[in-house]
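Here's the structure we're looking at; comments come further down.
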Amino acid sequence: MNDTSPPKRTHYLNAQHTVGSWLFTLDHKRIGLLYLATILLFFLLGGIAAMLFRVELMTPDPTYMESETYNRLFTMHGITMIFFFLIPSIPAVLGNFLLPLMLGTKDLAFPRLNLASWYVFTFGGLLGLGSIIFGGVDTGWTFYTPYSSTYANSNVILAALGIFIAGFGSIMTGINFIVTIHKMRAPGLTWFRLPLFIWAHYATSIIIVLGTPVIAITILLVAIERLFQIGIFDPALGGDPVLFQHLFWFYSHPAVYIMILPGMGVISEIIACFSRKRIFGYKVVALSSLAIAILGFFVWGHHMFVSSQSMYAGMIFSILSFLVAIPSAIKVFNWTATLYGGAIKLDTPMLYALGFIGLFTVGGLTGLFLASMAINVHVHDTYFVVAHFHYVMVGGMVMAFFGGLHFWWPKMTGRHFSELFGRIGAVTIFIGFNLTFFPQFIVGYLGMPRRYHVYPEEFQFLQVMSTGGSAVLALGYLVMAGYLLHSLVLGKKASSNPWRAVGLEWTTPSPPPTENFTTEPYVDYEAYDYTREEVYRDDADEVKGA
Amino acid sequence: MAADQHSPHLAHHFDSMEQQQESSSLGMWLFLAQEVMFFGGLFVAYAVYRFKYPEAFAVASSHLSLGWGAFNTVVLICSSLTMALAVRAGQLGDKRGIIRYLLATIFLASVFLGVKGVEYTEKYNDGLMPGPAFEYTPDFDRYTVPVTAETAPPNFVGNVQLFFSFYFVMTGLHALHMVIGIGLMIWLIVKALRDRFSKEYFTPIEMTGLYWHFVDIVWIFLFPLVYLVWRH
Amino acid sequence: MMNLLASFIPAQASHFAADIDRLYFFLIGVSMFFTILIGMLVIYFVIRFRRRSDDERPAPTKDIVALEIGWTIIPLVLVIIMFVWGAALFYKQWRPPADAMEILVTGKKWMWKMQHPSGRSEINDLTVPVGRPIRLTMTSEDVIHSFFVPAFRTKADVVPGRYTSSWFLPTEKGSFHLFCAEYCGAEHSLMKGWVHVVSEEEYEAWARGDDTDVAMLTPVEAGQRLFNELGCVVCHNPASGAMGPHLAGLFGSEVRLNTGRSVIADEEYIRESILEPMAKITEGYQPIMPTYKGQVSETQVMHLIAYIRSLSEE
């Protein structure tokens, strides 16, 4: 420090330092970081569970764990990853942080509700964690009845309550987002000037608000059924176990779109920035998010083609499932077309975005196999399904989440991460991911059912490959954890707009002040207008001497 | 800058009272939309079983007290009226009116819950509480529903129990919503006593009103669904 | 080429296996075309339009409506073809021919029981004649299972409280995997067996019971065979994670129950444990054993007891 350096700037991170200032904060940016810390913990837990059973699966016979342990591990992996990592990941972390910044407002419409949502979610997460610590759950994340409601000897009630409660955290976030997008846009920021990230979150929030209550009541019924030994889904008492599947998938299929739509929003932002182009077919991409959200509510029956559902119902669900692929395909084509004629730079976030396009394309196309009834009969509940949804969830959503985290890292923390290690990490993750999950398509079509602890020897080669890949994938994540943590302390300071990106969030300093903007933003340009010279303003002197 | 921007009720992140009011209102409607889906899931499950086991559900429903159900329906509709009057008093800035009508609403809600308690106790004493203690012997001669020992489905008693499972879950969740509503009204009364409301600012009363009418409407669906099955 | 492809698909042993694989390869073709197309375009654009200087300002994006319409219509046509093709095949899979032979299948944790028209039954094995359509009528005694034969490309959930069905026409002789595909608890992955496709004559002989020599077996041998066939071995086996107590050395010993009491494991106790497993639960084990009442004759119970006693005599 010397006398010529500017006075230390106050921003949302250093405005207050007490623990209480974090735990009782109403600032959407701090709440976003609270969510980040929480869900990364669950990501770590779910990942450890996955590594443990992947090692076990290297041999066809039980090696170092019993079936009961194996079943608890894959259930733990599913529940933590889906309910406590994927569903909140982009909306609750990046959405929370960025929505008000992108809309040019000071906060979400209901800051107290936002903080409450984190507490509710965390409480639900702790119950879920408790169910694991006190002996685990062995039903699979799908909680199929009557196994879950009558037969399982594990902590189903605790896990169900955890999911039930965490669901209300989601609903609170969803309501907050919709209201904020409707009512709090900066002057001049019309609907079709909104970043696609916002459109994606709008569509996601609609699904959250309309879908989550249905899983809430369903899972509550399972808990009540177990607790009072009544037979809502138990055929011995006149209940119908297949009804549970209808109610479960009515939420849990749209939940896939809760997970992937925000990821698509992130990808649109990154691709526009690193090719310096407005997204090709902006309106089509924006509206396709809504199309996915609406169509997504009418395809749940494709999880039930072999469940004894009527053939004619199956046909309707099949054609609708095929149709929901169209808006996704449109998005992929539009992103690719955006690259045409751009000025493309392959920085770390862009590597994640391009990885997303490739992996999501595979994940989406293999979804067509599952929408096709005849093939679904063969591959249903096999590793083919496991591979498909990991391509969408991990290849799609997790890639997008980490892409977005890298893209907005300088904004959130005010620091740059190491670009070199960033690229190494992204490539390692891409390779490890494919090694892990591509063999699972093959082993699935060959007929290996999912959730198998002991399996015939002919599948061993592909299973070993998959485990090898998962080690590479884990290594990639560890590299990332390493350089991101390093950057928090020793990273180079970031200016307001280090990537030269368009968007209101880049017009305020990094990290932003508590009130987000020093002057009230006014928007008189289209989204992703990379022809504006302000975007390319050299802001390097902002951080000099700091 | 407009004068209302200095209203003490305007949160710092809103530009105007209108924006704040509209946001609350939209938020509340979205909340009610998710409530509709929550009860909707339950009603769908109920409807599925109702069509699967029409006789058992009709018989089981005939064991409910129609008189108490109808009485409670009237009580709840009256409570919606007093709630609407409380909102009206809020619009007029009439503090005493707010408190008076909210107390009336709480009174009616308590009557409703009391009656519910009486009904639950009756069912409990009759052994109609689902679970291991459920005890029910069909008496086919006394049913007004056309079902005999010969035509009854194989798991008749189990299906009767299924009805009561839904009866308790649905009315129980509804009652839980009412208890939450009473809590909200007590909070409103405390705020009113501290003079927090005015003609310009009575959003919480309006929102609680919306919530209360929703709870009322759920009952309007519940009543024919569970009490009137056998009389259609 | 076909040999290479064949290593990525299971044996084609039913009349619609090849049909389904054809659709599968069509879908793979479409998927590969689009994946490679997108991949190549992305790589080409990334190289061709790489940022040459930090000041580069590309020309603004121009939306082309024709392209948007094009890449909506083309996938739409493709998915409609896929839908019609897949639904037509499914329709065939769904409706068994009227002359199909019916075999009753019961699933329970964690075994399959098959009952043939001749009255013979099997556990975890299904013997069927080649070239004759077979219809399975299935139900479950406890949770949902799923009857999956990859070589036949058939799968159907087996649901408690209702009957589901599945049919196939075996075209190849041999033994093929039978899996439970719906997660059903601790030993889900052991709930598997084999489908044996044999010639018509072999099947007829088998169904009449010509190949059985139960009468020639000693009670211990008969009991051992039953012990395996009924699936007792799945749980009462220290290697499987010991869902049930290990039975070696059990006979004549003192067993502590979860009530705190102890009993001597004599014939009466073992008989009761087979027919009414919930009556006495050994300390440290869950009450999960299904009853075998009505499934084993008194003679068979005696065989089982003889076998269990022999385990303590070695």
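Scheme for the structure tokens: letters A, B, ... for chains in order shown; per-chain residue numbers from 1; ligand numbers from 1 in order shown.
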Excluding Leu78 (chain C) and its own-chain neighbours fewer than 2 positions away, which residues fall within 12 Å of it when counting only C-alpha atoms? Please give them as a PDB file with N, CA and C atoms, in the first residue's frame.
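Generated file (around_23.pdb):
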ATOM      1  N   ILE A 319     -45.437 -39.853 -27.878  1.00  0.00           N
ATOM      2  CA  ILE A 319     -45.353 -38.789 -28.901  1.00  0.00           C
ATOM      3  C   ILE A 319     -45.028 -37.458 -28.236  1.00  0.00           C
ATOM      4  N   PHE A 322     -41.389 -37.278 -27.539  1.00  0.00           N
ATOM      5  CA  PHE A 322     -40.621 -36.954 -28.744  1.00  0.00           C
ATOM      6  C   PHE A 322     -40.702 -35.454 -29.029  1.00  0.00           C
ATOM      7  N   LEU A 323     -41.900 -34.888 -28.839  1.00  0.00           N
ATOM      8  CA  LEU A 323     -42.070 -33.467 -29.174  1.00  0.00           C
ATOM      9  C   LEU A 323     -41.233 -32.568 -28.270  1.00  0.00           C
ATOM     10  N   ALA A 325     -38.452 -32.991 -27.335  1.00  0.00           N
ATOM     11  CA  ALA A 325     -37.067 -32.964 -27.811  1.00  0.00           C
ATOM     12  C   ALA A 325     -36.839 -31.824 -28.795  1.00  0.00           C
ATOM     13  N   ILE A 326     -37.909 -31.384 -29.472  1.00  0.00           N
ATOM     14  CA  ILE A 326     -37.734 -30.381 -30.529  1.00  0.00           C
ATOM     15  C   ILE A 326     -37.186 -29.057 -29.992  1.00  0.00           C
ATOM     16  N   ALA A 329     -33.604 -29.417 -29.300  1.00  0.00           N
ATOM     17  CA  ALA A 329     -32.804 -29.474 -30.521  1.00  0.00           C
ATOM     18  C   ALA A 329     -32.625 -28.075 -31.097  1.00  0.00           C
ATOM     19  N   LEU A 365     -30.231 -36.841 -27.500  1.00  0.00           N
ATOM     20  CA  LEU A 365     -30.547 -37.813 -28.549  1.00  0.00           C
ATOM     21  C   LEU A 365     -30.843 -39.195 -27.965  1.00  0.00           C
ATOM     22  N   LEU A 368     -34.314 -39.846 -27.064  1.00  0.00           N
ATOM     23  CA  LEU A 368     -35.247 -40.320 -28.096  1.00  0.00           C
ATOM     24  C   LEU A 368     -35.397 -41.841 -28.029  1.00  0.00           C
TER      25      LEU A 368
ATOM     26  N   PHE C  26     -31.234 -47.684 -36.341  1.00  0.00           N
ATOM     27  CA  PHE C  26     -31.695 -46.477 -37.036  1.00  0.00           C
ATOM     28  C   PHE C  26     -31.518 -45.253 -36.129  1.00  0.00           C
ATOM     29  N   LEU C  27     -31.918 -45.408 -34.869  1.00  0.00           N
ATOM     30  CA  LEU C  27     -31.782 -44.288 -33.934  1.00  0.00           C
ATOM     31  C   LEU C  27     -30.308 -43.947 -33.711  1.00  0.00           C
ATOM     32  N   GLY C  29     -27.978 -44.359 -35.873  1.00  0.00           N
ATOM     33  CA  GLY C  29     -27.556 -43.662 -37.094  1.00  0.00           C
ATOM     34  C   GLY C  29     -27.923 -42.189 -37.035  1.00  0.00           C
ATOM     35  N   VAL C  30     -29.194 -41.913 -36.707  1.00  0.00           N
ATOM     36  CA  VAL C  30     -29.644 -40.515 -36.634  1.00  0.00           C
ATOM     37  C   VAL C  30     -28.823 -39.767 -35.584  1.00  0.00           C
ATOM     38  N   SER C  31     -28.642 -40.413 -34.421  1.00  0.00           N
ATOM     39  CA  SER C  31     -27.917 -39.746 -33.332  1.00  0.00           C
ATOM     40  C   SER C  31     -26.481 -39.450 -33.729  1.00  0.00           C
ATOM     41  N   PHE C  34     -26.284 -36.484 -36.157  1.00  0.00           N
ATOM     42  CA  PHE C  34     -26.424 -35.149 -35.565  1.00  0.00           C
ATOM     43  C   PHE C  34     -25.276 -34.826 -34.606  1.00  0.00           C
ATOM     44  N   TRP C  71     -34.744 -26.212 -39.043  1.00  0.00           N
ATOM     45  CA  TRP C  71     -34.336 -27.129 -37.979  1.00  0.00           C
ATOM     46  C   TRP C  71     -35.417 -27.360 -36.927  1.00  0.00           C
ATOM     47  N   THR C  72     -36.624 -26.858 -37.199  1.00  0.00           N
ATOM     48  CA  THR C  72     -37.772 -27.326 -36.434  1.00  0.00           C
ATOM     49  C   THR C  72     -38.444 -28.470 -37.190  1.00  0.00           C
ATOM     50  N   ILE C  73     -38.594 -28.263 -38.507  1.00  0.00           N
ATOM     51  CA  ILE C  73     -39.346 -29.243 -39.301  1.00  0.00           C
ATOM     52  C   ILE C  73     -38.581 -30.566 -39.414  1.00  0.00           C
ATOM     53  N   ILE C  74     -37.263 -30.490 -39.689  1.00  0.00           N
ATOM     54  CA  ILE C  74     -36.516 -31.738 -39.916  1.00  0.00           C
ATOM     55  C   ILE C  74     -36.554 -32.641 -38.685  1.00  0.00           C
ATOM     56  N   PRO C  75     -36.226 -32.125 -37.492  1.00  0.00           N
ATOM     57  CA  PRO C  75     -36.346 -33.018 -36.323  1.00  0.00           C
ATOM     58  C   PRO C  75     -37.778 -33.498 -36.101  1.00  0.00           C
ATOM     59  N   LEU C  76     -38.740 -32.630 -36.413  1.00  0.00           N
ATOM     60  CA  LEU C  76     -40.134 -33.014 -36.215  1.00  0.00           C
ATOM     61  C   LEU C  76     -40.483 -34.232 -37.068  1.00  0.00           C
ATOM     62  N   ILE C  80     -41.325 -38.051 -35.688  1.00  0.00           N
ATOM     63  CA  ILE C  80     -42.606 -38.706 -35.999  1.00  0.00           C
ATOM     64  C   ILE C  80     -42.351 -40.087 -36.590  1.00  0.00           C
ATOM     65  N   ILE C  81     -41.318 -40.183 -37.442  1.00  0.00           N
ATOM     66  CA  ILE C  81     -40.955 -41.513 -37.966  1.00  0.00           C
ATOM     67  C   ILE C  81     -40.593 -42.439 -36.806  1.00  0.00           C
ATOM     68  N   MET C  82     -39.761 -41.936 -35.890  1.00  0.00           N
ATOM     69  CA  MET C  82     -39.344 -42.758 -34.750  1.00  0.00           C
ATOM     70  C   MET C  82     -40.542 -43.192 -33.919  1.00  0.00           C
ATOM     71  N   PHE C  83     -41.461 -42.252 -33.714  1.00  0.00           N
ATOM     72  CA  PHE C  83     -42.619 -42.570 -32.881  1.00  0.00           C
ATOM     73  C   PHE C  83     -43.451 -43.675 -33.518  1.00  0.00           C
ATOM     74  N   VAL C  84     -43.755 -43.499 -34.813  1.00  0.00           N
ATOM     75  CA  VAL C  84     -44.634 -44.463 -35.476  1.00  0.00           C
ATOM     76  C   VAL C  84     -43.973 -45.841 -35.482  1.00  0.00           C
ATOM     77  N   TRP C  85     -42.696 -45.872 -35.818  1.00  0.00           N
ATOM     78  CA  TRP C  85     -41.957 -47.131 -35.861  1.00  0.00           C
ATOM     79  C   TRP C  85     -41.960 -47.806 -34.478  1.00  0.00           C
TER      80      TRP C  85
END
Once you count only C-alpha atoms, what closest atom pair and distance in Å to one decimal does each residue of chain A within 6 Å of chain C have, with rows by chain and rising residue number, as JSON lines?
{"residue": "A:Glu66", "atom": "CA", "partner": "C:Gly241", "partner_atom": "CA", "distance": 5.2}
{"residue": "A:Ser67", "atom": "CA", "partner": "C:Ala186", "partner_atom": "CA", "distance": 5.8}
{"residue": "A:Glu68", "atom": "CA", "partner": "C:Ala186", "partner_atom": "CA", "distance": 5.2}
{"residue": "A:Pro146", "atom": "CA", "partner": "C:Val143", "partner_atom": "CA", "distance": 5.6}
{"residue": "A:Tyr147", "atom": "CA", "partner": "C:Val143", "partner_atom": "CA", "distance": 5.4}
{"residue": "A:Pro235", "atom": "CA", "partner": "C:Gly161", "partner_atom": "CA", "distance": 5.2}
{"residue": "A:Arg278", "atom": "CA", "partner": "C:Thr61", "partner_atom": "CA", "distance": 5.7}
{"residue": "A:Phe280", "atom": "CA", "partner": "C:Asp63", "partner_atom": "CA", "distance": 5.9}
{"residue": "A:Gly281", "atom": "CA", "partner": "C:Asp63", "partner_atom": "CA", "distance": 5.4}
{"residue": "A:Val306", "atom": "CA", "partner": "C:Ala156", "partner_atom": "CA", "distance": 4.9}
{"residue": "A:Ser307", "atom": "CA", "partner": "C:Asp157", "partner_atom": "CA", "distance": 5.1}
{"residue": "A:Phe322", "atom": "CA", "partner": "C:Val79", "partner_atom": "CA", "distance": 5.9}
{"residue": "A:Tyr340", "atom": "CA", "partner": "C:Phe45", "partner_atom": "CA", "distance": 5.9}
{"residue": "A:Gly341", "atom": "CA", "partner": "C:Phe49", "partner_atom": "CA", "distance": 5.9}
{"residue": "A:Gly342", "atom": "CA", "partner": "C:Pro58", "partner_atom": "CA", "distance": 5.5}
{"residue": "A:Ala343", "atom": "CA", "partner": "C:Arg51", "partner_atom": "CA", "distance": 4.3}
{"residue": "A:Ile344", "atom": "CA", "partner": "C:Arg50", "partner_atom": "CA", "distance": 4.5}
{"residue": "A:Lys345", "atom": "CA", "partner": "C:Arg51", "partner_atom": "CA", "distance": 5.5}
{"residue": "A:Leu365", "atom": "CA", "partner": "C:Ser31", "partner_atom": "CA", "distance": 5.8}
{"residue": "A:Ser372", "atom": "CA", "partner": "C:Gly86", "partner_atom": "CA", "distance": 5.1}
{"residue": "A:Met373", "atom": "CA", "partner": "C:Gly86", "partner_atom": "CA", "distance": 5.4}
{"residue": "A:Ala374", "atom": "CA", "partner": "C:Phe90", "partner_atom": "CA", "distance": 4.7}
{"residue": "A:Val377", "atom": "CA", "partner": "C:Lys155", "partner_atom": "CA", "distance": 5.7}
{"residue": "A:His378", "atom": "CA", "partner": "C:Arg153", "partner_atom": "CA", "distance": 4.9}
{"residue": "A:Asp381", "atom": "CA", "partner": "C:Ala181", "partner_atom": "CA", "distance": 5.9}
{"residue": "A:Leu446", "atom": "CA", "partner": "C:Pro10", "partner_atom": "CA", "distance": 4.9}
{"residue": "A:Gly447", "atom": "CA", "partner": "C:Pro150", "partner_atom": "CA", "distance": 5.1}
{"residue": "A:Pro449", "atom": "CA", "partner": "C:Ala181", "partner_atom": "CA", "distance": 5.4}
{"residue": "A:Tyr452", "atom": "CA", "partner": "C:Ser189", "partner_atom": "CA", "distance": 4.7}
{"residue": "A:His453", "atom": "CA", "partner": "C:Ser189", "partner_atom": "CA", "distance": 5.7}
{"residue": "A:Val454", "atom": "CA", "partner": "C:Ser189", "partner_atom": "CA", "distance": 5.5}
May I have the residues from that selection written out with C-alpha atoms, as a PDB file, in the first residue's frame?
ATOM      1  CA  GLU A  66     -22.609 -56.078   1.396  1.00  0.00           C
ATOM      2  CA  SER A  67     -25.639 -55.540  -0.783  1.00  0.00           C
ATOM      3  CA  GLU A  68     -27.339 -53.551   1.941  1.00  0.00           C
ATOM      4  CA  PRO A 146     -44.804 -50.504  -1.693  1.00  0.00           C
ATOM      5  CA  TYR A 147     -41.102 -51.134  -1.063  1.00  0.00           C
ATOM      6  CA  PRO A 235     -52.037 -53.230  -2.498  1.00  0.00           C
ATOM      7  CA  ARG A 278     -25.964 -12.022 -30.036  1.00  0.00           C
ATOM      8  CA  PHE A 280     -28.767 -16.671 -32.999  1.00  0.00           C
ATOM      9  CA  GLY A 281     -32.569 -16.791 -32.947  1.00  0.00           C
ATOM     10  CA  VAL A 306     -43.547 -51.301 -18.703  1.00  0.00           C
ATOM     11  CA  SER A 307     -45.391 -50.531 -15.464  1.00  0.00           C
ATOM     12  CA  PHE A 322     -40.621 -36.954 -28.744  1.00  0.00           C
ATOM     13  CA  TYR A 340     -20.701 -18.704 -37.043  1.00  0.00           C
ATOM     14  CA  GLY A 341     -18.879 -15.483 -37.854  1.00  0.00           C
ATOM     15  CA  GLY A 342     -17.989 -14.849 -34.215  1.00  0.00           C
ATOM     16  CA  ALA A 343     -14.706 -13.918 -32.572  1.00  0.00           C
ATOM     17  CA  ILE A 344     -14.279 -17.068 -30.536  1.00  0.00           C
ATOM     18  CA  LYS A 345     -11.979 -17.389 -27.565  1.00  0.00           C
ATOM     19  CA  LEU A 365     -30.547 -37.813 -28.549  1.00  0.00           C
ATOM     20  CA  SER A 372     -39.529 -44.789 -28.370  1.00  0.00           C
ATOM     21  CA  MET A 373     -41.770 -47.357 -26.717  1.00  0.00           C
ATOM     22  CA  ALA A 374     -40.342 -50.527 -28.242  1.00  0.00           C
ATOM     23  CA  VAL A 377     -39.118 -51.803 -23.050  1.00  0.00           C
ATOM     24  CA  HIS A 378     -35.637 -53.244 -23.493  1.00  0.00           C
ATOM     25  CA  ASP A 381     -34.172 -49.723 -15.766  1.00  0.00           C
ATOM     26  CA  LEU A 446     -26.450 -55.564 -23.447  1.00  0.00           C
ATOM     27  CA  GLY A 447     -28.980 -55.958 -20.657  1.00  0.00           C
ATOM     28  CA  PRO A 449     -30.053 -53.737 -14.990  1.00  0.00           C
ATOM     29  CA  TYR A 452     -27.167 -54.278  -9.369  1.00  0.00           C
ATOM     30  CA  HIS A 453     -24.565 -55.025  -6.769  1.00  0.00           C
ATOM     31  CA  VAL A 454     -23.741 -58.488  -8.110  1.00  0.00           C
TER      32      VAL A 454
END
Next item on the list: Would you work out the distance separating CA of Phe42 (chain A) from CA of Gly78 (chain A), expressed in Å to one decimal?
Entry: 10.9 Å
Could you give me, as a Markdown table, every chain B residue with an atom at most 10 Å from chain A, plus its closest atom pair and distance in Å to one decimal, counting only C-alpha atoms, rows ordered by chain then number?
| residue | atom | partner | partner_atom | distance |
| --- | --- | --- | --- | --- |
| B:Ala11 | CA | A:Ala109 | CA | 9.5 |
| B:His12 | CA | A:Lys106 | CA | 8.2 |
| B:His13 | CA | A:Lys106 | CA | 5.2 |
| B:Phe14 | CA | A:Met184 | CA | 7.8 |
| B:Asp15 | CA | A:Met184 | CA | 8.8 |
| B:Gln19 | CA | A:Lys183 | CA | 6.7 |
| B:Gln20 | CA | A:Ala109 | CA | 8.0 |
| B:Glu22 | CA | A:Lys183 | CA | 7.6 |
| B:Ser23 | CA | A:Val179 | CA | 5.9 |
| B:Ser24 | CA | A:Val179 | CA | 8.2 |
| B:Ser25 | CA | A:Val179 | CA | 9.2 |
| B:Leu26 | CA | A:Val179 | CA | 6.3 |
| B:Gly27 | CA | A:Val179 | CA | 6.0 |
| B:Met28 | CA | A:Ile175 | CA | 8.6 |
| B:Trp29 | CA | A:Ile175 | CA | 9.4 |
| B:Leu30 | CA | A:Ile175 | CA | 6.2 |
| B:Phe31 | CA | A:Ile175 | CA | 7.0 |
| B:Leu32 | CA | A:Val209 | CA | 9.7 |
| B:Ala33 | CA | A:Leu210 | CA | 6.9 |
| B:Gln34 | CA | A:Leu210 | CA | 5.4 |
| B:Glu35 | CA | A:Pro213 | CA | 7.0 |
| B:Val36 | CA | A:Pro213 | CA | 8.5 |
| B:Met37 | CA | A:Pro213 | CA | 5.8 |
| B:Phe38 | CA | A:Pro213 | CA | 4.6 |
| B:Phe39 | CA | A:Ile217 | CA | 7.7 |
| B:Gly40 | CA | A:Val214 | CA | 7.7 |
| B:Gly41 | CA | A:Val214 | CA | 5.4 |
| B:Leu42 | CA | A:Ile217 | CA | 6.7 |
| B:Val44 | CA | A:Leu247 | CA | 9.0 |
| B:Ala45 | CA | A:Leu243 | CA | 7.3 |
| B:Tyr46 | CA | A:Ile232 | CA | 9.6 |
| B:Val48 | CA | A:Leu243 | CA | 8.3 |
| B:Tyr49 | CA | A:Gly239 | CA | 7.8 |
| B:Lys52 | CA | A:Gly238 | CA | 9.5 |
| B:Tyr53 | CA | A:Gly238 | CA | 8.8 |
| B:Met129 | CA | A:Ile230 | CA | 9.6 |
| B:Pro130 | CA | A:Ile230 | CA | 5.9 |
| B:Gly131 | CA | A:Ile230 | CA | 4.8 |
| B:Pro132 | CA | A:Gln229 | CA | 6.6 |
| B:Ala133 | CA | A:Gln229 | CA | 9.8 |
| B:Phe134 | CA | A:Ile230 | CA | 9.3 |
| B:Pro154 | CA | A:Gly238 | CA | 9.6 |
| B:Asn155 | CA | A:Gly238 | CA | 6.6 |
| B:Phe156 | CA | A:Gly238 | CA | 8.5 |
| B:Val157 | CA | A:Leu237 | CA | 8.5 |
| B:Gly158 | CA | A:Leu237 | CA | 4.8 |
| B:Asn159 | CA | A:Gly238 | CA | 5.5 |
| B:Val160 | CA | A:Gly238 | CA | 9.1 |
| B:Gln161 | CA | A:Leu237 | CA | 7.9 |
| B:Leu162 | CA | A:Ile232 | CA | 6.4 |
| B:Phe163 | CA | A:Ile232 | CA | 9.3 |
| B:Phe164 | CA | A:Ile230 | CA | 9.6 |
| B:Ser165 | CA | A:Ile230 | CA | 6.8 |
| B:Phe166 | CA | A:Ile232 | CA | 8.1 |
| B:Val169 | CA | A:Leu221 | CA | 8.3 |
Note to self: I'd like the neighbourhood of Lys116 (chain B) as an MDAnalysis selection string, where a residue qualifies if any of its atoms comes within 9 Å (using only C-alpha atoms), though same-chain residues fewer than 3 positions away should be ignored.
What the structure shows: chainID B and resid 68:69 72 111:113 119:121 171 175
Check: CA of Val197 (chain C) and CA of Pro133 (chain C) are how many Å apart?
Finding: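 Atom-to-atom, CA of Val197 (chain C) and CA of Pro133 (chain C) are spaced 11.9 Å apart.
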Next item on the list: Skip Pro195 (chain A) itself and residues of its chain fewer than 3 positions away, then list as a PyMOL selection string all residues within 9 Å of it, counting only C-alpha atoms.
Entry: chain A and resi 102-103+192+198-200+265+268-269+286+503+527-528
Quick one: write out the picked residues with C-alpha atoms as a PDB file, in the first residue's frame?
ATOM      1  CA  MET A 102     -29.109  -8.817 -14.540  1.00  0.00           C
ATOM      2  CA  LEU A 103     -32.435  -7.101 -13.963  1.00  0.00           C
ATOM      3  CA  PHE A 192     -37.294  -9.354 -25.172  1.00  0.00           C
ATOM      4  CA  ILE A 198     -33.487 -14.843 -17.069  1.00  0.00           C
ATOM      5  CA  TRP A 199     -35.857 -16.507 -19.535  1.00  0.00           C
ATOM      6  CA  ALA A 200     -34.514 -19.884 -18.498  1.00  0.00           C
ATOM      7  CA  GLY A 265     -29.527 -20.212 -19.713  1.00  0.00           C
ATOM      8  CA  SER A 268     -26.445 -18.921 -23.770  1.00  0.00           C
ATOM      9  CA  GLU A 269     -24.643 -16.263 -21.727  1.00  0.00           C
ATOM     10  CA  ALA A 286     -36.233 -17.679 -25.189  1.00  0.00           C
ATOM     11  CA  GLY A 503     -25.090  -7.562 -19.393  1.00  0.00           C
ATOM     12  CA  ALA A 527     -29.657  -8.296 -25.177  1.00  0.00           C
ATOM     13  CA  TYR A 528     -26.146  -9.395 -26.188  1.00  0.00           C
TER      14      TYR A 528
END
Checklist line | Exercise: Asp141 (chain B) partners within 12 Å, only C-alpha atoms, chain neighbours under 6 positions left out, as a PyMOL selection string | finding: chain B and resi 59+147-150
Next item on the list: Write down as a PyMOL selection string the residues of region 132-281 of chain C whose backbone DSSP state falls under alpha helix (DSSP H).
Entry: chain C and resi 200-208+219-229+232-235+267-275
Notebook entry, point to check: Neighbours of region 125-127 of chain A within 9 Å (only C-alpha atoms; same-chain residues fewer than 3 positions away dropped), as an MDAnalysis selection string?
Noted result: chainID A and resid 38 42 80 83:84 120:122 130:132 158:163 165:166
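The interatomic distance for the pair CA of His380 (chain A) and CA of Gly301 (chain A) works out to 12.6 Å.
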